$ cat start32.txt   # compact mmCIF, C-alpha atoms
# COMPACT_ATOMS: atom_id res chain seq x y z
CA MET I 1 0.00 0.00 0.00
CA ARG I 2 2.73 2.38 1.09
CA GLU I 3 4.80 1.53 -1.97
CA ALA I 4 1.86 2.10 -4.33
CA PHE I 5 1.23 5.44 -2.63
CA GLN I 6 4.84 6.52 -3.09
CA GLU I 7 4.85 5.46 -6.74
CA GLN I 8 1.70 7.41 -7.56
CA LEU I 9 3.00 10.40 -5.63
CA ASP I 10 6.26 10.31 -7.58
CA SER I 11 4.26 10.20 -10.79
CA ILE I 12 2.32 13.30 -9.68
CA PHE I 13 5.51 15.19 -8.88
CA SER I 14 7.07 14.18 -12.17
CA ASP I 15 3.96 15.53 -13.96
CA LEU I 16 4.19 18.75 -11.92
CA ALA I 17 7.82 19.21 -12.99
CA GLU I 18 6.84 18.59 -16.61
CA ILE I 19 4.07 21.21 -16.43
CA CYS I 20 6.52 23.61 -14.83
CA HIS I 21 8.86 23.16 -17.82
CA GLU I 22 5.96 23.95 -20.13
CA VAL I 23 5.21 27.10 -18.14
CA GLU I 24 8.89 28.07 -18.38
CA THR I 25 8.67 27.81 -22.18
CA SER I 26 5.48 29.89 -22.18
CA VAL I 27 7.09 32.62 -20.07
CA ARG I 28 10.16 32.69 -22.34
CA HIS I 29 8.12 32.80 -25.54
CA ALA I 30 5.71 35.41 -24.14
CA THR I 31 8.62 37.72 -23.29
CA GLN I 32 10.17 37.11 -26.72
CA ALA I 33 6.85 37.87 -28.46
CA LEU I 34 6.56 41.02 -26.38
CA LEU I 35 10.04 42.42 -26.97
CA ASP I 36 10.11 41.51 -30.69
CA GLY I 37 6.45 42.26 -31.43
CA ASP I 38 6.20 38.74 -32.85
CA ALA I 39 2.56 37.69 -33.37
CA GLU I 40 3.49 34.13 -34.37
CA VAL I 41 5.36 33.44 -31.13
CA ALA I 42 2.50 35.06 -29.19
CA GLU I 43 0.07 32.65 -30.89
CA GLN I 44 2.31 29.73 -29.88
CA VAL I 45 2.01 30.73 -26.21
CA ILE I 46 -1.77 31.05 -26.49
CA ALA I 47 -2.08 27.67 -28.25
CA ALA I 48 0.28 25.90 -25.82
CA ASP I 49 -1.94 26.83 -22.87
CA ALA I 50 -4.49 24.13 -23.76
CA LYS I 51 -1.73 21.53 -23.26
CA ILE I 52 -1.04 22.86 -19.76
CA ASP I 53 -4.76 22.67 -18.96
CA VAL I 54 -4.91 19.02 -20.07
CA ALA I 55 -1.80 18.17 -18.02
CA ARG I 56 -3.40 19.87 -15.00
CA GLU I 57 -6.48 17.66 -15.37
CA ARG I 58 -4.27 14.56 -15.46
CA VAL I 59 -2.54 15.53 -12.21
CA GLU I 60 -5.90 16.23 -10.58
CA ASP I 61 -7.28 12.86 -11.67
CA THR I 62 -4.24 11.04 -10.32
CA ALA I 63 -4.38 12.96 -7.05
CA PHE I 64 -8.09 12.20 -6.57
CA SER I 65 -7.55 8.54 -7.37
CA LEU I 66 -4.70 8.51 -4.83
CA LEU I 67 -6.88 10.15 -2.17
CA SER I 68 -9.81 7.79 -2.87
CA LEU I 69 -7.91 4.52 -3.13
CA GLN I 70 -5.09 5.00 -0.63
CA GLN I 71 -6.92 7.24 1.85
CA PRO I 72 -3.77 8.90 3.12
CA VAL I 73 -3.90 10.67 6.49
CA ALA I 74 -1.85 13.31 8.30
CA GLY I 75 1.35 14.26 6.43
CA ASP I 76 0.63 12.13 3.36
CA LEU I 77 -2.78 13.73 2.99
CA ARG I 78 -1.30 17.20 3.17
CA VAL I 79 1.31 16.31 0.54
CA VAL I 80 -1.38 15.23 -1.95
CA VAL I 81 -3.49 18.32 -1.27
CA SER I 82 -0.34 20.44 -1.70
CA ALA I 83 0.20 18.82 -5.10
CA LEU I 84 -3.38 19.76 -6.07
CA ARG I 85 -2.64 23.34 -5.09
CA MET I 86 0.69 23.40 -6.91
CA VAL I 87 -0.92 22.33 -10.16
CA THR I 88 -3.57 25.06 -9.83
CA GLU I 89 -0.81 27.64 -9.37
CA LEU I 90 1.23 26.31 -12.31
CA GLU I 91 -1.83 26.51 -14.53
CA ARG I 92 -2.37 30.10 -13.37
CA MET I 93 1.25 30.94 -14.27
CA GLY I 94 0.49 29.61 -17.75
CA ASP I 95 -2.59 31.86 -17.94
CA LEU I 96 -0.49 34.87 -16.94
CA SER I 97 1.99 34.09 -19.75
CA VAL I 98 -0.99 34.09 -22.10
CA HIS I 99 -1.93 37.57 -20.81
CA VAL I 100 1.60 38.78 -21.62
CA ALA I 101 1.42 37.19 -25.08
CA LYS I 102 -1.97 38.83 -25.73
CA ILE I 103 -0.58 42.30 -25.02
CA ALA I 104 2.25 41.50 -27.46
CA ARG I 105 -0.25 40.39 -30.11
CA LEU I 106 -2.55 43.36 -29.56
CA ARG I 107 0.21 45.83 -30.50
CA VAL I 108 1.60 44.03 -33.57
CA PRO I 109 2.99 45.37 -35.97
CA GLU I 110 4.18 47.76 -33.23
CA VAL I 111 6.16 46.60 -30.20
CA ALA I 112 4.20 47.07 -26.96
CA VAL I 113 7.30 47.99 -24.94
CA PRO I 114 9.12 51.18 -26.03
CA ASP I 115 12.94 51.10 -26.21
CA GLU I 116 13.44 52.94 -22.95
CA ALA I 117 11.37 50.39 -21.02
CA GLN I 118 12.79 47.31 -22.76
CA PRO I 119 15.64 46.65 -20.29
CA THR I 120 13.33 46.55 -17.26
CA ILE I 121 10.65 44.41 -18.93
CA ALA I 122 13.32 42.14 -20.46
CA ARG I 123 14.81 41.66 -16.99
CA MET I 124 11.36 40.96 -15.49
CA GLY I 125 10.89 38.28 -18.15
CA GLU I 126 14.33 36.79 -17.38
CA VAL I 127 13.74 36.76 -13.62
CA ALA I 128 10.31 35.16 -14.04
CA GLU I 129 11.62 32.55 -16.46
CA ASP I 130 14.58 31.78 -14.22
CA MET I 131 12.33 31.41 -11.17
CA VAL I 132 10.04 29.02 -13.05
CA ARG I 133 13.02 26.98 -14.32
CA ARG I 134 14.35 26.66 -10.78
CA VAL I 135 10.92 25.72 -9.41
CA ALA I 136 10.90 22.79 -11.86
CA ALA I 137 14.28 21.65 -10.47
CA VAL I 138 13.02 22.15 -6.91
CA ILE I 139 9.99 19.94 -7.65
CA THR I 140 12.18 17.23 -9.19
CA ASP I 141 14.91 17.27 -6.53
CA ARG I 142 12.76 18.30 -3.52
CA ASP I 143 15.64 20.67 -2.76
CA VAL I 144 14.69 22.88 0.21
CA ASP I 145 17.74 25.19 -0.04
CA ALA I 146 17.05 25.86 -3.71
CA ALA I 147 13.39 26.51 -2.85
CA ILE I 148 14.39 29.12 -0.26
CA GLU I 149 16.59 30.84 -2.86
CA ILE I 150 13.55 31.35 -5.12
CA GLY I 151 11.92 33.43 -2.40
CA ARG I 152 14.91 35.76 -2.48
CA ASP I 153 14.64 36.23 -6.24
CA ASP I 154 11.16 37.54 -5.77
CA GLU I 155 12.70 40.63 -4.19
CA GLU I 156 14.40 41.52 -7.49
CA MET I 157 11.01 41.28 -9.21
CA ASP I 158 9.49 43.69 -6.69
CA GLN I 159 12.37 46.13 -7.23
CA LEU I 160 11.97 45.90 -10.99
CA ARG I 161 8.28 46.65 -10.68
CA ARG I 162 8.93 49.69 -8.49
CA GLY I 163 11.60 50.87 -10.94
CA SER I 164 9.17 50.43 -13.80
CA PHE I 165 6.54 52.60 -12.06
CA THR I 166 9.11 55.30 -11.37
CA GLN I 167 10.00 55.30 -15.05
CA LEU I 168 6.52 55.46 -16.50
CA LEU I 169 5.22 57.99 -13.96
CA GLY I 170 8.29 60.24 -14.39
CA ASP I 171 8.28 63.55 -16.27
CA ASP I 172 10.55 62.03 -18.93
CA TRP I 173 7.98 59.46 -20.05
CA GLN I 174 7.32 60.20 -23.72
CA TYR I 175 5.40 57.16 -24.85
CA GLY I 176 1.91 58.13 -23.82
CA VAL I 177 -0.84 56.49 -21.82
CA GLU I 178 -1.24 53.31 -23.86
CA SER I 179 2.36 52.16 -23.38
CA ALA I 180 2.25 53.10 -19.70
CA VAL I 181 -0.91 51.05 -19.17
CA ASP I 182 0.58 48.09 -21.09
CA ILE I 183 3.73 48.21 -18.98
CA ALA I 184 1.85 48.54 -15.68
CA LEU I 185 -0.24 45.47 -16.53
CA LEU I 186 2.80 43.54 -17.81
CA GLY I 187 4.56 44.31 -14.54
CA ARG I 188 1.56 42.97 -12.68
CA TYR I 189 1.53 39.75 -14.74
CA TYR I 190 5.25 39.08 -14.24
CA GLU I 191 4.94 39.88 -10.55
CA ARG I 192 2.11 37.35 -10.20
CA ILE I 193 4.11 34.68 -12.07
CA ALA I 194 6.93 35.29 -9.58
CA ASP I 195 4.51 35.19 -6.60
CA HIS I 196 3.15 31.84 -7.75
CA ALA I 197 6.69 30.51 -8.28
CA VAL I 198 7.52 31.39 -4.66
CA SER I 199 4.29 29.82 -3.48
CA VAL I 200 4.97 26.56 -5.37
CA ALA I 201 8.54 26.50 -4.00
CA ASN I 202 7.13 27.02 -0.48
CA ARG I 203 4.79 24.09 -0.99
CA VAL I 204 7.78 21.90 -1.90
CA ILE I 205 9.45 23.02 1.34
CA PHE I 206 6.27 21.99 3.14
CA VAL I 207 6.14 18.63 1.36
CA VAL I 208 9.74 17.88 2.40
CA THR I 209 9.86 19.38 5.90
CA GLY I 210 6.22 19.50 6.99
CA GLN I 211 6.69 23.22 7.69
CA PHE I 212 5.95 26.32 5.69
CA PRO I 213 8.72 28.94 5.54
CA VAL I 214 6.12 31.73 5.69
CA ALA I 215 3.92 32.00 8.77
CA THR I 216 0.83 33.19 6.92
CA GLU I 217 0.69 30.26 4.51
CA SER I 218 -0.53 26.74 5.07
CA ALA I 219 -1.22 23.65 2.99
CA MET V 1 -20.12 8.41 10.54
CA ARG V 2 -22.18 9.83 7.69
CA GLU V 3 -23.98 12.18 10.05
CA ALA V 4 -20.72 13.43 11.56
CA PHE V 5 -19.39 14.01 8.05
CA GLN V 6 -22.44 16.03 7.07
CA GLU V 7 -22.26 18.10 10.24
CA GLN V 8 -18.62 19.00 9.75
CA LEU V 9 -19.27 19.76 6.09
CA ASP V 10 -22.14 22.07 7.02
CA SER V 11 -19.85 23.83 9.48
CA ILE V 12 -17.27 24.34 6.70
CA PHE V 13 -19.88 25.78 4.34
CA SER V 14 -21.19 28.05 7.05
CA ASP V 15 -17.62 29.33 7.62
CA LEU V 16 -17.22 29.83 3.86
CA ALA V 17 -20.40 31.92 3.74
CA GLU V 18 -19.14 33.96 6.71
CA ILE V 19 -15.79 34.62 5.00
CA CYS V 20 -17.67 35.59 1.85
CA HIS V 21 -19.61 38.21 3.84
CA GLU V 22 -16.33 39.59 5.14
CA VAL V 23 -14.99 39.79 1.59
CA GLU V 24 -18.20 41.59 0.56
CA THR V 25 -17.56 44.21 3.27
CA SER V 26 -13.94 44.55 2.13
CA VAL V 27 -14.98 45.10 -1.48
CA ARG V 28 -17.57 47.70 -0.45
CA HIS V 29 -15.17 49.56 1.83
CA ALA V 30 -12.34 49.42 -0.70
CA THR V 31 -14.55 51.02 -3.35
CA GLN V 32 -15.75 53.63 -0.87
CA ALA V 33 -12.14 54.45 0.14
CA LEU V 34 -11.26 54.73 -3.53
CA LEU V 35 -14.09 57.00 -4.64
CA ASP V 36 -13.93 59.23 -1.54
CA GLY V 37 -10.14 59.20 -1.11
CA ASP V 38 -10.73 58.06 2.46
CA ALA V 39 -7.52 56.78 4.07
CA GLU V 40 -9.26 55.64 7.23
CA VAL V 41 -11.65 53.33 5.39
CA ALA V 42 -8.73 52.06 3.29
CA GLU V 43 -6.88 51.17 6.51
CA GLN V 44 -9.96 49.29 7.72
CA VAL V 45 -9.88 47.08 4.61
CA ILE V 46 -6.17 46.42 5.04
CA ALA V 47 -6.59 45.59 8.75
CA ALA V 48 -9.65 43.37 8.17
CA ASP V 49 -7.67 41.14 5.83
CA ALA V 50 -5.90 39.43 8.76
CA LYS V 51 -9.30 38.27 10.00
CA ILE V 52 -10.06 36.67 6.63
CA ASP V 53 -6.68 34.90 6.72
CA VAL V 54 -7.43 33.48 10.19
CA ALA V 55 -10.88 32.31 9.06
CA ARG V 56 -9.28 30.66 6.04
CA GLU V 57 -6.93 28.71 8.31
CA ARG V 58 -9.88 27.54 10.41
CA VAL V 59 -11.68 26.20 7.33
CA GLU V 60 -8.51 24.46 6.18
CA ASP V 61 -8.01 22.83 9.58
CA THR V 62 -11.60 21.59 9.66
CA ALA V 63 -11.35 20.28 6.09
CA PHE V 64 -8.10 18.42 6.83
CA SER V 65 -9.55 16.95 10.00
CA LEU V 66 -12.58 15.84 7.98
CA LEU V 67 -10.41 14.24 5.31
CA SER V 68 -8.21 12.51 7.90
CA LEU V 69 -10.89 11.25 10.26
CA GLN V 70 -13.77 10.50 7.89
CA GLN V 71 -11.72 9.49 4.84
CA PRO V 72 -14.43 10.44 2.36
CA VAL V 73 -14.23 8.97 -1.14
CA ALA V 74 -15.65 9.79 -4.56
CA GLY V 75 -18.20 12.66 -4.46
CA ASP V 76 -17.72 13.46 -0.77
CA LEU V 77 -13.96 13.74 -1.26
CA ARG V 78 -14.43 16.14 -4.16
CA VAL V 79 -16.81 18.27 -2.11
CA VAL V 80 -14.23 18.70 0.66
CA VAL V 81 -11.44 19.46 -1.80
CA SER V 82 -13.78 21.97 -3.51
CA ALA V 83 -14.29 23.67 -0.15
CA LEU V 84 -10.50 23.95 0.25
CA ARG V 85 -10.32 25.59 -3.15
CA MET V 86 -13.22 27.92 -2.43
CA VAL V 87 -11.56 29.23 0.71
CA THR V 88 -8.33 29.90 -1.20
CA GLU V 89 -10.28 31.90 -3.77
CA LEU V 90 -12.20 33.85 -1.13
CA GLU V 91 -8.94 34.76 0.58
CA ARG V 92 -7.56 35.91 -2.77
CA MET V 93 -10.64 38.12 -3.28
CA GLY V 94 -9.86 39.69 0.08
CA ASP V 95 -6.27 40.32 -1.06
CA LEU V 96 -7.54 41.99 -4.22
CA SER V 97 -9.76 44.31 -2.13
CA VAL V 98 -6.62 45.23 -0.21
CA HIS V 99 -4.90 46.09 -3.49
CA VAL V 100 -7.81 48.43 -4.33
CA ALA V 101 -7.63 49.99 -0.85
CA LYS V 102 -3.87 50.51 -1.20
CA ILE V 103 -4.30 52.48 -4.44
CA ALA V 104 -6.89 54.61 -2.61
CA ARG V 105 -4.47 55.19 0.30
CA LEU V 106 -1.52 55.95 -1.98
CA ARG V 107 -3.33 58.91 -3.58
CA VAL V 108 -4.73 60.50 -0.39
CA PRO V 109 -5.37 63.46 0.01
CA GLU V 110 -6.19 63.24 -3.70
CA VAL V 111 -8.79 60.83 -5.08
CA ALA V 112 -7.23 58.16 -7.33
CA VAL V 113 -10.17 58.11 -9.74
CA PRO V 114 -10.86 61.36 -11.63
CA ASP V 115 -14.49 62.53 -11.95
CA GLU V 116 -14.87 61.37 -15.52
CA ALA V 117 -13.86 57.81 -14.62
CA GLN V 118 -15.86 57.62 -11.39
CA PRO V 119 -19.11 56.20 -12.89
CA THR V 120 -17.32 53.24 -14.49
CA ILE V 121 -15.17 52.43 -11.46
CA ALA V 122 -18.14 52.92 -9.11
CA ARG V 123 -20.15 50.49 -11.24
CA MET V 124 -17.27 47.97 -11.24
CA GLY V 125 -17.25 48.17 -7.46
CA GLU V 126 -21.03 47.68 -7.30
CA VAL V 127 -20.98 44.71 -9.67
CA ALA V 128 -18.12 43.09 -7.75
CA GLU V 129 -19.78 43.66 -4.38
CA ASP V 130 -23.10 42.38 -5.67
CA MET V 131 -21.47 39.24 -7.11
CA VAL V 132 -19.72 38.54 -3.80
CA ARG V 133 -22.96 39.09 -1.85
CA ARG V 134 -24.79 36.64 -4.10
CA VAL V 135 -21.97 34.10 -3.84
CA ALA V 136 -22.45 34.13 -0.04
CA ALA V 137 -26.17 33.37 -0.55
CA VAL V 138 -25.31 30.66 -3.10
CA ILE V 139 -22.94 29.03 -0.58
CA THR V 140 -25.59 29.15 2.16
CA ASP V 141 -28.53 27.96 0.02
CA ARG V 142 -26.58 25.74 -2.44
CA ASP V 143 -28.76 27.40 -5.07
CA VAL V 144 -27.63 26.27 -8.53
CA ASP V 145 -29.83 28.71 -10.49
CA ALA V 146 -28.51 31.66 -8.50
CA ALA V 147 -24.96 30.38 -9.06
CA ILE V 148 -25.51 30.31 -12.83
CA GLU V 149 -26.78 33.93 -12.69
CA ILE V 150 -23.45 35.04 -11.20
CA GLY V 151 -21.65 33.82 -14.31
CA ARG V 152 -23.84 36.12 -16.41
CA ASP V 153 -22.96 39.14 -14.26
CA ASP V 154 -19.33 38.61 -15.08
CA GLU V 155 -20.13 39.75 -18.62
CA GLU V 156 -21.04 43.21 -17.33
CA MET V 157 -17.67 43.40 -15.57
CA ASP V 158 -15.87 42.54 -18.82
CA GLN V 159 -17.85 45.23 -20.66
CA LEU V 160 -17.04 47.79 -17.97
CA ARG V 161 -13.37 46.97 -18.22
CA ARG V 162 -13.40 47.35 -22.02
CA GLY V 163 -15.29 50.67 -21.65
CA SER V 164 -12.73 51.83 -19.13
CA PHE V 165 -9.83 51.11 -21.52
CA THR V 166 -11.61 52.96 -24.32
CA GLN V 167 -11.97 55.96 -22.03
CA LEU V 168 -8.43 56.15 -20.72
CA LEU V 169 -6.81 55.43 -24.10
CA GLY V 170 -9.02 57.97 -25.90
CA ASP V 171 -7.85 61.38 -27.11
CA ASP V 172 -10.09 63.08 -24.54
CA TRP V 173 -8.21 61.61 -21.56
CA GLN V 174 -6.89 64.60 -19.63
CA TYR V 175 -5.80 63.06 -16.36
CA GLY V 176 -2.33 61.89 -17.31
CA VAL V 177 -0.44 58.66 -17.03
CA GLU V 178 -0.72 58.13 -13.28
CA SER V 179 -4.52 58.08 -13.22
CA ALA V 180 -4.62 55.89 -16.31
CA VAL V 181 -2.27 53.36 -14.71
CA ASP V 182 -4.28 53.40 -11.47
CA ILE V 183 -7.51 52.79 -13.35
CA ALA V 184 -6.05 50.02 -15.51
CA LEU V 185 -4.83 48.21 -12.39
CA LEU V 186 -8.09 48.84 -10.52
CA GLY V 187 -9.98 47.37 -13.48
CA ARG V 188 -7.74 44.33 -13.31
CA TYR V 189 -8.38 43.89 -9.57
CA TYR V 190 -12.16 44.16 -9.87
CA GLU V 191 -12.12 41.83 -12.86
CA ARG V 192 -10.19 39.24 -10.82
CA ILE V 193 -12.61 39.56 -7.89
CA ALA V 194 -15.45 38.88 -10.34
CA ASP V 195 -13.56 35.93 -11.90
CA HIS V 196 -13.07 34.37 -8.48
CA ALA V 197 -16.74 34.96 -7.60
CA VAL V 198 -17.76 33.04 -10.73
CA SER V 199 -15.29 30.29 -9.92
CA VAL V 200 -16.61 29.92 -6.34
CA ALA V 201 -20.20 29.87 -7.67
CA ASN V 202 -19.19 27.17 -10.17
CA ARG V 203 -17.71 25.11 -7.35
CA VAL V 204 -21.05 25.30 -5.52
CA ILE V 205 -22.75 24.05 -8.68
CA PHE V 206 -20.25 21.19 -8.70
CA VAL V 207 -20.85 20.45 -5.02
CA VAL V 208 -24.61 20.23 -5.60
CA THR V 209 -24.77 18.57 -9.02
CA GLY V 210 -21.43 16.78 -9.35
CA GLN V 211 -20.91 18.65 -12.65
CA PHE V 212 -19.07 21.82 -13.55
CA PRO V 213 -20.96 24.28 -15.75
CA VAL V 214 -17.70 25.13 -17.60
CA ALA V 215 -15.95 22.36 -19.51
CA THR V 216 -12.42 23.61 -18.78
CA GLU V 217 -12.78 23.58 -15.02
CA SER V 218 -12.67 20.70 -12.60
CA ALA V 219 -12.66 20.18 -8.85

$ encode --input "start32.txt" --output "structure tokens"
Amino acid sequence: MREAFQEQLDSIFSDLAEICHEVETSVRHATQALLDGDAEVAEQVIAADAKIDVARERVEDTAFSLLSLQQPVAGDLRVVVSALRMVTELERMGDLSVHVAKIARLRVPEVAVPDEAQPTIARMGEVAEDMVRRVAAVITDRDVDAAIEIGRDDEEMDQLRRGSFTQLLGDDWQYGVESAVDIALLGRYYERIADHAVSVANRVIFVVTGQFPVATESA
Amino acid sequence: MREAFQEQLDSIFSDLAEICHEVETSVRHATQALLDGDAEVAEQVIAADAKIDVARERVEDTAFSLLSLQQPVAGDLRVVVSALRMVTELERMGDLSVHVAKIARLRVPEVAVPDEAQPTIARMGEVAEDMVRRVAAVITDRDVDAAIEIGRDDEEMDQLRRGSFTQLLGDDWQYGVESAVDIALLGRYYERIADHAVSVANRVIFVVTGQFPVATESA
């Protein structure tokens, strides 16, 4: 019984890591579509989201079957429920990449992000992508130290977002309201991707240690 | 056993309805703080959020105890997991109200929303508050027809958001970049509150009927 439980749980975590890799690709492509004004790459991100949704359903089905057939209690129960929550968050990160891609597509043949704002948005995209890549490794390796590191990266994202606001609300901003609104929303989307990455990493810490690193969160 | 299960489940749903009422108050106060530029009311929303977080933890504890002690399977299991998801969404709606309140507070002694944009934002606040109020009733009464109605209201929110973009990206917009960015983000927050309201209502439909009204969602 215990062995069957562990096998199914491993299969869930391997699916979660796979979904996380797909989200990483979506984040990378969304940023590329945005900075290059590339409608084709934007469409790829939008189309790929259906695949993430299907993979999410598979994880949910496996988790429910595990809960029904193995009836785990205490720690094991919380691990399975954590996995259900992780897959919801990963799917949401995919949705947020789609939002980024849709802003890219909306402005084609223009580029949504003016030259002056490109470095900050490009860095937001890099930080988000890097966080998602490392979350996938954290899920695969159940590496608590690496999971804690991801929380620290979130601080750079917050700084980037503050910097971005300073830029677009400054007197030097010459790109009008539309670009400012695009960039404010893009900043919000990248920030939320980063938030979810931290949350998923925290859930891995919980799965391994039985403790959340943040007092306000629970499984 | 079955009776104990039903009793604990009823207690969870009664807590969910209570949290939903607290979220309704937060949405109402956040909108009021925003339209009046009232820092005190904004602070109330921010302070009240801790109460929602505590209530969320209580629901989670009860749900885990139910899963561990009663070991529900099949439909019952999905109902409890749905409740766990509903409480996460309700908490998130509270967080979004805090985001609205923080924009209000940031602009005091000014009012974040200029006169011309007040009707649209006021209506967004009303629609969101009304949706949350009706979700609380749906949770209490397990009323499927009322839950379906909430999905239809979401369409008005989407229209309001599109109307808001048209306004702030139009040539007549005279309130600068800062107001436009505030309003774009506010629109996003209200839209997300409405999305979560629909999602919670859909989960009630699932709890009652065993079926989701939307093909892409699952418990």

$ residues_around --input "start32.txt" --residues "Leu90 (chain I)" --least-positions-apart "3" --cutoff "9 Å" --atoms "all atoms listed in the file" --output "PDB file with C-alpha atoms, in the frame of the given file"
ATOM      1  CA  LEU I  16       4.190  18.750 -11.920  1.00  0.00           C
ATOM      2  CA  ILE I  19       4.070  21.210 -16.430  1.00  0.00           C
ATOM      3  CA  CYS I  20       6.520  23.610 -14.830  1.00  0.00           C
ATOM      4  CA  VAL I  23       5.210  27.100 -18.140  1.00  0.00           C
ATOM      5  CA  ILE I  52      -1.040  22.860 -19.760  1.00  0.00           C
ATOM      6  CA  ARG I  56      -3.400  19.870 -15.000  1.00  0.00           C
ATOM      7  CA  ARG I  85      -2.640  23.340  -5.090  1.00  0.00           C
ATOM      8  CA  MET I  86       0.690  23.400  -6.910  1.00  0.00           C
ATOM      9  CA  VAL I  87      -0.920  22.330 -10.160  1.00  0.00           C
ATOM     10  CA  MET I  93       1.250  30.940 -14.270  1.00  0.00           C
ATOM     11  CA  GLY I  94       0.490  29.610 -17.750  1.00  0.00           C
ATOM     12  CA  ASP I  95      -2.590  31.860 -17.940  1.00  0.00           C
ATOM     13  CA  ILE I 193       4.110  34.680 -12.070  1.00  0.00           C
ATOM     14  CA  HIS I 196       3.150  31.840  -7.750  1.00  0.00           C
ATOM     15  CA  ALA I 197       6.690  30.510  -8.280  1.00  0.00           C
ATOM     16  CA  VAL I 200       4.970  26.560  -5.370  1.00  0.00           C
TER      17      VAL I 200
END

$ closest_residue --input "start32.txt" --among "I:Glu110, I:Glu191, I:Glu22, I:Glu57" --to "chain V" --atoms "only C-alpha atoms"
I:Glu57

$ closest_residue --input "start32.txt" --among "V:Asp130, V:Ser14, V:Arg2, V:His99" --to "Gln70 (chain V)" --atoms "all atoms listed in the file"
V:Arg2

$ atom_distance --input "start32.txt" --atom1 "CA of Ala47 (chain V)" --atom2 "CA of Ala83 (chain V)"
24.9 Å

$ interface_residues --input "start32.txt" --of "chain V" --to "chain I" --cutoff "9 Å" --atoms "all atoms listed in the file" --output "number ranges by chain"
V: 53-54, 57, 60, 64-65, 67-69, 71-74, 77-78, 81, 85, 168-169, 173, 176-178, 180-185, 188, 216-219

$ residues_around --input "start32.txt" --residues "Met131 (chain V)" --least-positions-apart "6" --cutoff "12 Å" --atoms "all atoms listed in the file" --output "MDAnalysis selection string"
chainID V and resid 20:21 23:24 27:28 93 124:125 137:138 146:157 190:201

$ atom_distance --input "start32.txt" --atom1 "CA of Leu9 (chain V)" --atom2 "CA of Arg142 (chain V)"
12.7 Å

$ atom_distance --input "start32.txt" --atom1 "CA of Glu7 (chain I)" --atom2 "CA of Ala63 (chain I)"
11.9 Å

$ residues_around --input "start32.txt" --residues "Pro213 (chain I)" --least-positions-apart "6" --cutoff "9 Å" --atoms "all atoms listed in the file" --output "list of chain:residue names"
I:Ile148, I:Asn202, I:Ile205, I:Phe206

$ closest_residue --input "start32.txt" --among "V:Arg123, V:His29, V:Arg203, V:Arg162" --to "Ser97 (chain V)" --atoms "all atoms listed in the file"
V:His29
